[in-house]
Amino acid sequence: MHIEKEKPQEGTNIKKVVAIMSGKGGVGKSSVTSLMAVSLQNKGYKVGILDADITGPSIPKVFGIGEKRAIAINQVIQPVETTTGIKVISVNLMIDQEDAPVVWRGPLIGSMVKQFYTDVAWEELDYLLIDLPPGTGDVPLTIMQSLPVDGIVVVSSPQDLVQLIVKKSVNMAKMMATPIYGLVENMSYFECPDCNKKHYLFGESKIEEVAKDMDIHVLEKLPINQDFVTLCDEGRVEVFGKTYFGLCENLAEKLEERIGGIE
Ligand SMILES: Nc1ncnc2c1ncn2[C@@H]1O[C@H](COP(=O)(O)OP(=O)(O)OP(=O)(O)O)[C@@H](O)[C@H]1O
């Protein structure tokens, strides 16, 4: 079945659309999306984040922009910019109260997410990162069918069960014939600040095995990091990007390598 892909606003030029997916909630998908955005922005790219995790939107919070509002001018929604100029759109930037629950059914959420692509003044972007809702349900499916997603990054954490769930995400992407740029294993290990030894708290990672089995790349293994939690909680993920410059540079380089750099 061929579904026509949605088109962005006139005057908008998005070079790569990357969807970030996870088979289940709580693996740090939104945190990894933010870190990817910060890392690419640090490298000088123009980056936007479309927060499609409508019922659990956390992107505005980690950037400390939860109080700001996205306004519409002539029916075109203006994204909110973070301190370093990352453009963000999220349902949390549009509802009256940040903590109000969004109790909509799938089709309504799907059409809202489409509008986040078609009705937003994204203008010039090198990378638009879409933070998908967790799982392989209705909304991720709608997005992958109707938006021109160039490829997918799958985020997982090291537990056994997650490996099974990763396979679901990967299989869904394959069914949609959407390329998979690779897997990011989040909270992969803890590096002791005193002895620099890596401790695998959830057991030795099986990600290489899973990736090989599914014929996909391991993009990166990210550590458990206390500063990351604290700065995300404080809405200062961009400060993490500056403090852990090396980690972010590494992540950006791997993304560039897999997604393709932007001229
Ligand atoms: N590498 C990390 N080190 C330490 N804590 C982390 C790391 N990644 C994420 N976290 C923490 O884990 C929690 C869940 O992260 P996050 O909200 O990004 O998950 P998610 O997978 O997007 O969840 P959701 O199910 O809402 O989509 C947050 O408190 C976050 O700060």
# chains A, B, ... in the order shown; residues from 1 in each chain; ligands from 1
call {"tool": "residues_near_ligand", "arguments": {"ligand": "ligand 1", "cutoff": "10 Å", "atoms": "only C-alpha atoms and all ligand atoms", "output": "count of residues only"}}
result
54
call {"tool": "residues_around", "arguments": {"residues": "Asp126 of chain A", "least_positions_apart": "4", "cutoff": "12 Å", "atoms": "only C-alpha atoms", "output": "PDB file with N, CA and C atoms, in the first residue's frame"}}
result
ATOM      1  N   THR A  12      10.348  25.719   4.149  1.00  0.00           N
ATOM      2  CA  THR A  12      11.044  24.823   5.079  1.00  0.00           C
ATOM      3  C   THR A  12      11.881  23.834   4.278  1.00  0.00           C
ATOM      4  N   ASN A  13      13.097  23.621   4.744  1.00  0.00           N
ATOM      5  CA  ASN A  13      13.974  22.677   4.067  1.00  0.00           C
ATOM      6  C   ASN A  13      14.669  21.816   5.119  1.00  0.00           C
ATOM      7  N   ILE A  14      14.183  20.569   5.248  1.00  0.00           N
ATOM      8  CA  ILE A  14      14.749  19.667   6.253  1.00  0.00           C
ATOM      9  C   ILE A  14      15.571  18.617   5.519  1.00  0.00           C
ATOM     10  N   LYS A  15      16.852  18.551   5.857  1.00  0.00           N
ATOM     11  CA  LYS A  15      17.717  17.660   5.066  1.00  0.00           C
ATOM     12  C   LYS A  15      17.593  16.187   5.480  1.00  0.00           C
ATOM     13  N   LYS A  16      17.543  15.923   6.779  1.00  0.00           N
ATOM     14  CA  LYS A  16      17.395  14.523   7.219  1.00  0.00           C
ATOM     15  C   LYS A  16      16.382  14.433   8.353  1.00  0.00           C
ATOM     16  N   VAL A  17      15.443  13.504   8.202  1.00  0.00           N
ATOM     17  CA  VAL A  17      14.463  13.263   9.263  1.00  0.00           C
ATOM     18  C   VAL A  17      14.804  11.916   9.912  1.00  0.00           C
ATOM     19  N   VAL A  18      15.090  11.966  11.207  1.00  0.00           N
ATOM     20  CA  VAL A  18      15.518  10.756  11.920  1.00  0.00           C
ATOM     21  C   VAL A  18      14.531  10.474  13.051  1.00  0.00           C
ATOM     22  N   ALA A  37      20.561  15.570  19.800  1.00  0.00           N
ATOM     23  CA  ALA A  37      20.333  16.928  19.296  1.00  0.00           C
ATOM     24  C   ALA A  37      21.449  17.861  19.759  1.00  0.00           C
ATOM     25  N   LEU A  40      24.762  17.080  17.901  1.00  0.00           N
ATOM     26  CA  LEU A  40      24.778  17.547  16.507  1.00  0.00           C
ATOM     27  C   LEU A  40      24.841  19.078  16.452  1.00  0.00           C
ATOM     28  N   GLN A  41      24.119  19.717  17.374  1.00  0.00           N
ATOM     29  CA  GLN A  41      24.138  21.187  17.442  1.00  0.00           C
ATOM     30  C   GLN A  41      25.549  21.699  17.779  1.00  0.00           C
ATOM     31  N   LYS A  43      28.207  20.452  16.940  1.00  0.00           N
ATOM     32  CA  LYS A  43      29.042  20.315  15.737  1.00  0.00           C
ATOM     33  C   LYS A  43      28.710  21.351  14.678  1.00  0.00           C
ATOM     34  N   GLY A  44      27.734  22.190  14.979  1.00  0.00           N
ATOM     35  CA  GLY A  44      27.412  23.276  14.055  1.00  0.00           C
ATOM     36  C   GLY A  44      26.229  22.995  13.134  1.00  0.00           C
ATOM     37  N   TYR A  45      25.548  21.894  13.352  1.00  0.00           N
ATOM     38  CA  TYR A  45      24.369  21.610  12.527  1.00  0.00           C
ATOM     39  C   TYR A  45      23.147  22.351  13.064  1.00  0.00           C
ATOM     40  N   LYS A  46      22.171  22.563  12.153  1.00  0.00           N
ATOM     41  CA  LYS A  46      20.894  23.143  12.584  1.00  0.00           C
ATOM     42  C   LYS A  46      19.964  21.971  12.906  1.00  0.00           C
ATOM     43  N   VAL A  47      19.466  21.967  14.149  1.00  0.00           N
ATOM     44  CA  VAL A  47      18.741  20.790  14.631  1.00  0.00           C
ATOM     45  C   VAL A  47      17.360  21.165  15.168  1.00  0.00           C
ATOM     46  N   GLY A  48      16.394  20.309  14.895  1.00  0.00           N
ATOM     47  CA  GLY A  48      15.062  20.463  15.474  1.00  0.00           C
ATOM     48  C   GLY A  48      14.629  19.164  16.124  1.00  0.00           C
ATOM     49  N   ILE A  49      13.761  19.272  17.124  1.00  0.00           N
ATOM     50  CA  ILE A  49      13.188  18.061  17.740  1.00  0.00           C
ATOM     51  C   ILE A  49      11.678  18.136  17.678  1.00  0.00           C
ATOM     52  N   ILE A  86      18.276  25.105  19.406  1.00  0.00           N
ATOM     53  CA  ILE A  86      17.596  23.903  18.889  1.00  0.00           C
ATOM     54  C   ILE A  86      16.102  24.210  18.857  1.00  0.00           C
ATOM     55  N   LYS A  87      15.446  23.933  17.724  1.00  0.00           N
ATOM     56  CA  LYS A  87      14.010  24.227  17.615  1.00  0.00           C
ATOM     57  C   LYS A  87      13.204  23.032  18.116  1.00  0.00           C
ATOM     58  N   TRP A 122       9.632  25.160  10.554  1.00  0.00           N
ATOM     59  CA  TRP A 122      10.949  24.578  10.867  1.00  0.00           C
ATOM     60  C   TRP A 122      12.064  25.318  10.122  1.00  0.00           C
ATOM     61  N   GLU A 256      26.901  11.114  12.245  1.00  0.00           N
ATOM     62  CA  GLU A 256      27.270  11.643  10.916  1.00  0.00           C
ATOM     63  C   GLU A 256      27.670  10.512   9.984  1.00  0.00           C
ATOM     64  N   ILE A 259      24.316   8.389   9.316  1.00  0.00           N
ATOM     65  CA  ILE A 259      23.205   9.089   8.670  1.00  0.00           C
ATOM     66  C   ILE A 259      23.699   9.771   7.398  1.00  0.00           C
ATOM     67  N   GLY A 260      24.956  10.118   7.423  1.00  0.00           N
ATOM     68  CA  GLY A 260      25.505  10.895   6.300  1.00  0.00           C
ATOM     69  C   GLY A 260      25.619  12.324   6.759  1.00  0.00           C
ATOM     70  N   GLY A 261      26.796  12.911   6.578  1.00  0.00           N
ATOM     71  CA  GLY A 261      26.981  14.316   6.976  1.00  0.00           C
ATOM     72  C   GLY A 261      26.142  15.209   6.080  1.00  0.00           C
ATOM     73  N   ILE A 262      25.973  16.435   6.508  1.00  0.00           N
ATOM     74  CA  ILE A 262      25.191  17.387   5.733  1.00  0.00           C
ATOM     75  C   ILE A 262      26.159  18.420   5.174  1.00  0.00           C
ATOM     76  N   GLU A 263      26.054  18.658   3.893  1.00  0.00           N
ATOM     77  CA  GLU A 263      26.963  19.648   3.256  1.00  0.00           C
ATOM     78  C   GLU A 263      26.644  21.045   3.737  1.00  0.00           C
TER      79      GLU A 263
END
call {"tool": "closest_residue", "arguments": {"among": "A:Leu50, A:Thr83, A:Asn196, A:Ile207", "to": "Tyr127 of chain A", "atoms": "only C-alpha atoms"}}
result
A:Leu50
call {"tool": "closest_residue", "arguments": {"among": "A:Val218, A:Val149, A:Met112, A:Met144", "to": "Leu128 of chain A", "atoms": "only C-alpha atoms"}}
result
A:Val149
call {"tool": "select_by_dssp", "arguments": {"residues": "segment 25-75 of chain A", "states": "strand (DSSP E or B)", "output": "compact mmCIF listing (two decimals) with N, CA and C atoms, in the first residue's frame"}}
result
# COMPACT_ATOMS: atom_id res chain seq x y z
N VAL A 47 19.47 21.97 14.15
CA VAL A 47 18.74 20.79 14.63
C VAL A 47 17.36 21.16 15.17
N GLY A 48 16.39 20.31 14.89
CA GLY A 48 15.06 20.46 15.47
C GLY A 48 14.63 19.16 16.12
N ILE A 49 13.76 19.27 17.12
CA ILE A 49 13.19 18.06 17.74
C ILE A 49 11.68 18.14 17.68
N LEU A 50 11.09 17.11 17.09
CA LEU A 50 9.64 16.98 17.07
C LEU A 50 9.30 15.95 18.15
N ASP A 51 8.69 16.41 19.22
CA ASP A 51 8.36 15.52 20.34
C ASP A 51 7.03 14.84 20.04
N ALA A 72 1.10 30.46 17.21
CA ALA A 72 0.87 30.34 15.77
C ALA A 72 0.77 31.73 15.16
N ILE A 73 1.46 31.94 14.06
CA ILE A 73 1.34 33.19 13.33
C ILE A 73 0.80 32.83 11.95
call {"tool": "select_by_dssp", "arguments": {"residues": "segment 62-233 of chain A", "states": "helix (DSSP H, G or I)", "output": "count of residues only"}}
result
58
call {"tool": "atom_distance", "arguments": {"atom1": "atom CA of Val91 of chain A", "atom2": "atom CA of Met176 of chain A"}}
result
26.0 Å
call {"tool": "atom_distance", "arguments": {"atom1": "atom CA of Glu238 of chain A", "atom2": "atom CA of Gly66 of chain A"}}
result
14.7 Å
call {"tool": "closest_residue", "arguments": {"among": "A:Leu93, A:Val88, A:Ile165, A:Leu219", "to": "Lys68 of chain A", "atoms": "only C-alpha atoms"}}
result
A:Leu93
call {"tool": "closest_residue", "arguments": {"among": "A:Ile3, A:Leu141, A:Leu201, A:Val120", "to": "Gln75 of chain A", "atoms": "only C-alpha atoms"}}
result
A:Val120
call {"tool": "residues_around", "arguments": {"residues": "segment 204-206 of chain A", "least_positions_apart": "2", "cutoff": "8 Å", "atoms": "only C-alpha atoms", "output": "PyMOL selection string"}}
result
chain A and resi 158+163+188+200-202+208-210
call {"tool": "write_last_selection", "arguments": {"atoms": "C-alpha atoms", "output": "short mmCIF file (atom, residue, chain, number, x, y, z; two decimals), in the first residue's frame"}}
result
data_model
loop_
_atom_site.label_atom_id
_atom_site.label_comp_id
_atom_site.auth_asym_id
_atom_site.auth_seq_id
_atom_site.Cartn_x
_atom_site.Cartn_y
_atom_site.Cartn_z
CA PRO A 158 20.86 -3.75 28.60
CA GLN A 163 16.63 -7.41 23.50
CA SER A 188 25.05 0.36 29.25
CA TYR A 200 28.13 -3.63 33.80
CA LEU A 201 25.37 -3.30 36.39
CA PHE A 202 22.77 -5.15 34.34
CA GLU A 208 26.62 -6.72 19.80
CA GLU A 209 25.01 -10.16 19.56
CA VAL A 210 21.54 -8.72 18.97
#
